[in-house]
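Structure first, then comments.
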Amino acid sequence: MSAVKIGIVGLGQRGLQHLNSLWKVEDAEIVALCDPTADNLAEKKIAGYVDGFHMGDIKTYINFSDFFTDSRLDAIYFAIPPSLHEGEILQAAERGIHLFVEKPVSLFLDEALEMERVIERSGIIATVGFNQRHDSWHTGIREFLADKRLVMITDVVNGTLESHSVKHTRTEAVGGPQNRVWAANRSWSGGTIVEAGIHQTDLMRYWAGDIDWVEARYIHRDAEDIEDGGDNPYAYSVTYGFSSGVIANLMMSRLRKTFWGDAYQDIIWDRGHLKLEKDGPVAYYYDGPYPPEGAVDQEALRHPLSLGPRNNNTLEISRSFVQAVKEQSSVPLLNTFSSSINSHAAVLGANVSDALDGQRVVLSDLLTSDAYARFRQKPSHS
């Protein structure tokens, strides 16, 4: 295969970021762009987000049905709000087109599982946009922890409800928020744990393996504190139990009129802590004679990991996907569509647990048991 011919569906924030990265990948050729908003397909607008962009022979489409007939497509990037999937991924997979799907792939497990079945049956290359796995610091952490017994991970992310990057989807034209910040609306985003916390969840899996169960409690937003459809909860507390025995805590907040946020990550193994600090990951542990003969020098416990400057993980995940398509092999990928289902089940399972007053939800049951069927199903339009 020569250059991989790629189309992008959704020229909003994330789609433009992918286009900017793919523009730098030597073996990638952009042949088609699709977005229901004509303004998002204007060359001048795109050039403001993509270095050196020019339309050239790229075809643009407003309707997916027209875009889909472009016979040149080897692969498609889907970068649309998860609530707007209407079978496009199934259609592409059935035609043998390779897929890069932004997370979350769906707000409903039955829909995600149907995508997985069709993708597996088609034999195509398919991945989900968990770019954090391609972050050089996160890869370095994984290598550092490889021979250690992990016991607990804690990730705290404080954010604000309004302060999201610019959104381009015309949500106001299709029953969504007037301010286009669909990530703040639960029916569009699935909630903060699903829309954003899925990144932290998948990163924990990158370090600690698959998740077996989830328990969660949310503090839901007061009805009088909902503006422009921003109804996501104030705060989320989620606990994951991993197959490896690790326990993980994911705590997130989305406050209105605060406009301040921060984050804290702590990974604990049986002999130390690893923290992601401003200048990179730092491990804290004692490596002197034991028991120590006197007071332990606290500064000597600090061991920065020498991982160099941080890379562009969005660029790296695209390079891996393009290589995988070119070689017709999933080996270059750090996650496949199928392997990513555990991350999706975990965050959707957190929503289920909260709805059941914090009850433990075993993911294998969530995926198959009739007891959870109502939580898996996508509501009918009728």
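Identifiers in the structure tokens: chain A, B, ... in order shown; residue index from 1 per chain; ligand index from 1 in order shown.
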
Within 10 Å of segment 36-43 of chain A, counting only C-alpha atoms, which residues qualify if same-chain residues fewer than 2 places away don't, as a PyMOL selection string? chain A and resi 9-12+16+33-34+45-48+50+53-56+59-64+168-170

Write out as a list of chain:residue names the residues lying within 12 Å of Val156 of chain A, counting only C-alpha atoms and excluding same-chain residues fewer than 5 positions away. A:Ile193, A:Gly197, A:Gln200, A:Thr201, A:Ala235, A:Tyr236, A:Ser237, A:Val238, A:Thr239, A:Ala248, A:Asn249, A:Leu250, A:Met251, A:Met252, A:Ser253, A:Arg254, A:Gly261, A:Asp262, A:Ala263, A:Tyr264, A:Gln265, A:Asp266, A:Ile267, A:Leu276

Write out, as a tab-separated table (two decimals), in the first residue's frame, the residues just selected, with C-alpha atoms.
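Listed below is the output, again-v5.tsv:
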chain	number	residue	atom	x	y	z
A	193	ILE	CA	-16.54	10.35	33.93
A	197	GLY	CA	-12.60	10.50	32.89
A	200	GLN	CA	-7.77	8.61	33.16
A	201	THR	CA	-9.54	5.25	33.36
A	235	ALA	CA	-18.53	15.85	41.78
A	236	TYR	CA	-17.75	12.21	41.08
A	237	SER	CA	-16.13	9.56	43.26
A	238	VAL	CA	-15.30	6.30	41.48
A	239	THR	CA	-13.48	3.22	42.74
A	248	ALA	CA	-7.94	2.80	41.91
A	249	ASN	CA	-9.71	6.01	42.87
A	250	LEU	CA	-10.86	8.50	40.27
A	251	MET	CA	-12.29	11.75	41.65
A	252	MET	CA	-13.49	14.54	39.39
A	253	SER	CA	-15.37	17.81	39.77
A	254	ARG	CA	-17.11	20.20	37.41
A	261	GLY	CA	-8.75	23.61	38.13
A	262	ASP	CA	-5.89	21.29	39.02
A	263	ALA	CA	-4.95	17.64	39.03
A	264	TYR	CA	-3.14	15.13	41.22
A	265	GLN	CA	-1.88	11.65	40.32
A	266	ASP	CA	-0.36	9.13	42.72
A	267	ILE	CA	0.60	5.55	41.88
A	276	LEU	CA	3.29	12.98	37.96

What residues in segment 105-212 of chain A get the DSSP label helix (DSSP H, G or I)? Please answer as a PyMOL selection string. chain A and resi 109-122+131-134+136-145+171-174+182-184+186-189+192-195+197-208

Got a sec: who's within 9 Å of Leu363 of chain A, counting only C-alpha atoms, leaving out chain neighbours fewer than 6 positions off, as number ranges by chain? A: 211-214, 342, 345-346, 349

DSSP on the backbone: what in segment 78-225 of chain A comes out strand (DSSP E or B), as a list in words?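 Going through segment 78-225 of chain A, the strand (DSSP E or B) residues come out as Phe78, His98, Leu99, Phe100, Val101, Ala126, Thr127, Val128, Leu150, Val151, Met152, Ile153, Thr154, Asp155, Val156, Val157, Asn158, Gly159, Thr160, Ile211, Asp212, Trp213, Val214, Glu215, Ala216, Arg217, Tyr218 and Ile219 of chain A.
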
At what distance in Å, to one decimal, does atom CA of Met152 of chain A lie from atom CA of Ala300 of chain A?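 We find that atom CA of Ala300 of chain A and atom CA of Met152 of chain A lie 23.2 Å from each other.
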
Of the candidates A:Ala32, A:Ile119, A:Leu19, A:Val25, which shows the shortest atom-to-atom distance to Thr336 of chain A, using only C-alpha atoms?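 Going through A:Ala32, A:Ile119, A:Leu19, A:Val25 one by one, the smallest distance to Thr336 of chain A is for A:Ile119.
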
Within 12 Å of Thr368 of chain A, counting only C-alpha atoms, which residues qualify if same-chain residues fewer than 5 places away don't, as a PyMOL selection string? chain A and resi 109-110+113+345+362-363+373-377

Create the file for the chosen residues now, containing N, CA and C atoms and written as a PDB file, in the first residue's frame.
ATOM      1  N   LEU A 109     -23.773   0.605  25.965  1.00  0.00           N
ATOM      2  CA  LEU A 109     -22.922  -0.561  25.768  1.00  0.00           C
ATOM      3  C   LEU A 109     -23.403  -1.460  24.647  1.00  0.00           C
ATOM      4  N   ASP A 110     -24.702  -1.635  24.494  1.00  0.00           N
ATOM      5  CA  ASP A 110     -25.186  -2.492  23.409  1.00  0.00           C
ATOM      6  C   ASP A 110     -24.723  -1.968  22.056  1.00  0.00           C
ATOM      7  N   LEU A 113     -20.975  -2.689  21.751  1.00  0.00           N
ATOM      8  CA  LEU A 113     -20.730  -4.118  21.538  1.00  0.00           C
ATOM      9  C   LEU A 113     -21.100  -4.546  20.128  1.00  0.00           C
ATOM     10  N   ALA A 345     -16.755   0.043  29.292  1.00  0.00           N
ATOM     11  CA  ALA A 345     -17.629  -0.611  30.262  1.00  0.00           C
ATOM     12  C   ALA A 345     -17.403  -0.049  31.660  1.00  0.00           C
ATOM     13  N   VAL A 362     -20.106  -5.493  38.618  1.00  0.00           N
ATOM     14  CA  VAL A 362     -19.097  -6.361  38.021  1.00  0.00           C
ATOM     15  C   VAL A 362     -19.218  -6.234  36.505  1.00  0.00           C
ATOM     16  N   LEU A 363     -18.128  -5.876  35.841  1.00  0.00           N
ATOM     17  CA  LEU A 363     -18.207  -5.526  34.428  1.00  0.00           C
ATOM     18  C   LEU A 363     -18.616  -6.705  33.549  1.00  0.00           C
ATOM     19  N   ALA A 373     -29.734  -5.069  31.459  1.00  0.00           N
ATOM     20  CA  ALA A 373     -30.134  -4.842  30.068  1.00  0.00           C
ATOM     21  C   ALA A 373     -30.648  -3.422  29.849  1.00  0.00           C
ATOM     22  N   ARG A 374     -31.402  -2.892  30.805  1.00  0.00           N
ATOM     23  CA  ARG A 374     -31.980  -1.551  30.635  1.00  0.00           C
ATOM     24  C   ARG A 374     -30.912  -0.464  30.611  1.00  0.00           C
ATOM     25  N   PHE A 375     -29.767  -0.735  31.239  1.00  0.00           N
ATOM     26  CA  PHE A 375     -28.687   0.253  31.240  1.00  0.00           C
ATOM     27  C   PHE A 375     -27.857   0.183  29.954  1.00  0.00           C
ATOM     28  N   ARG A 376     -27.871  -0.963  29.293  1.00  0.00           N
ATOM     29  CA  ARG A 376     -27.069  -1.142  28.083  1.00  0.00           C
ATOM     30  C   ARG A 376     -27.754  -0.606  26.841  1.00  0.00           C
ATOM     31  N   GLN A 377     -29.069  -0.557  26.843  1.00  0.00           N
ATOM     32  CA  GLN A 377     -29.831  -0.288  25.633  1.00  0.00           C
ATOM     33  C   GLN A 377     -29.843   1.193  25.258  1.00  0.00           C
TER      34      GLN A 377
END

Figure out the distance between atom CA of His98 of chain A and atom CA of Ser380 of chain A, please, to one decimal in Å.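 About the pair atom CA of Ser380 of chain A and atom CA of His98 of chain A: they are 28.0 Å apart.
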
Which of these residues is nearest to Gly241 of chain A, using only C-alpha atoms: A:Pro304, A:Gly52, A:Gly209, A:Pro309?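 That would be A:Gly209, the residue with the smallest distance to Gly241 of chain A.
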
Using only C-alpha atoms, determine which residues lie at most 12 Å from segment 269-271 of chain A, disregarding the query and same-chain residues fewer than 3 positions distant; provide the list as a ChimeraX atom specification. /A:144-154,207-208,245-247,266,274-275,283-287,301

With a distance cut-off of 7 Å and only C-alpha atoms, select the neighbouring residues of segment 134-136 of chain A, excluding the residue or stretch itself and same-chain residues fewer than 3 positions from it, and output the selection as an MDAnalysis selection string. chainID A and resid 131 139:140 310:311 313 316:317

Point-to-point distance from atom CA of Val282 of chain A to atom CA of Arg133 of chain A, Å rounded to tenths: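 Atom-to-atom, atom CA of Val282 of chain A and atom CA of Arg133 of chain A are spaced 18.3 Å apart.
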
Return as a tab-separated table the residues of segment 283-378 of chain A lying at most 10 Å from segment 114-117 of chain A, together with the closest atom-to-atom pair for each and the distance in Å to one decimal, counting only C-alpha atoms, with rows in chain order and ascending residue number.
residue	atom	partner	partner_atom	distance
A:Thr336	CA	A:Glu116	CA	9.9
A:Phe337	CA	A:Glu116	CA	6.7
A:Ser338	CA	A:Glu116	CA	5.9
A:Ser339	CA	A:Glu116	CA	9.6
A:Ser340	CA	A:Glu116	CA	9.7
A:Ile341	CA	A:Glu116	CA	8.2
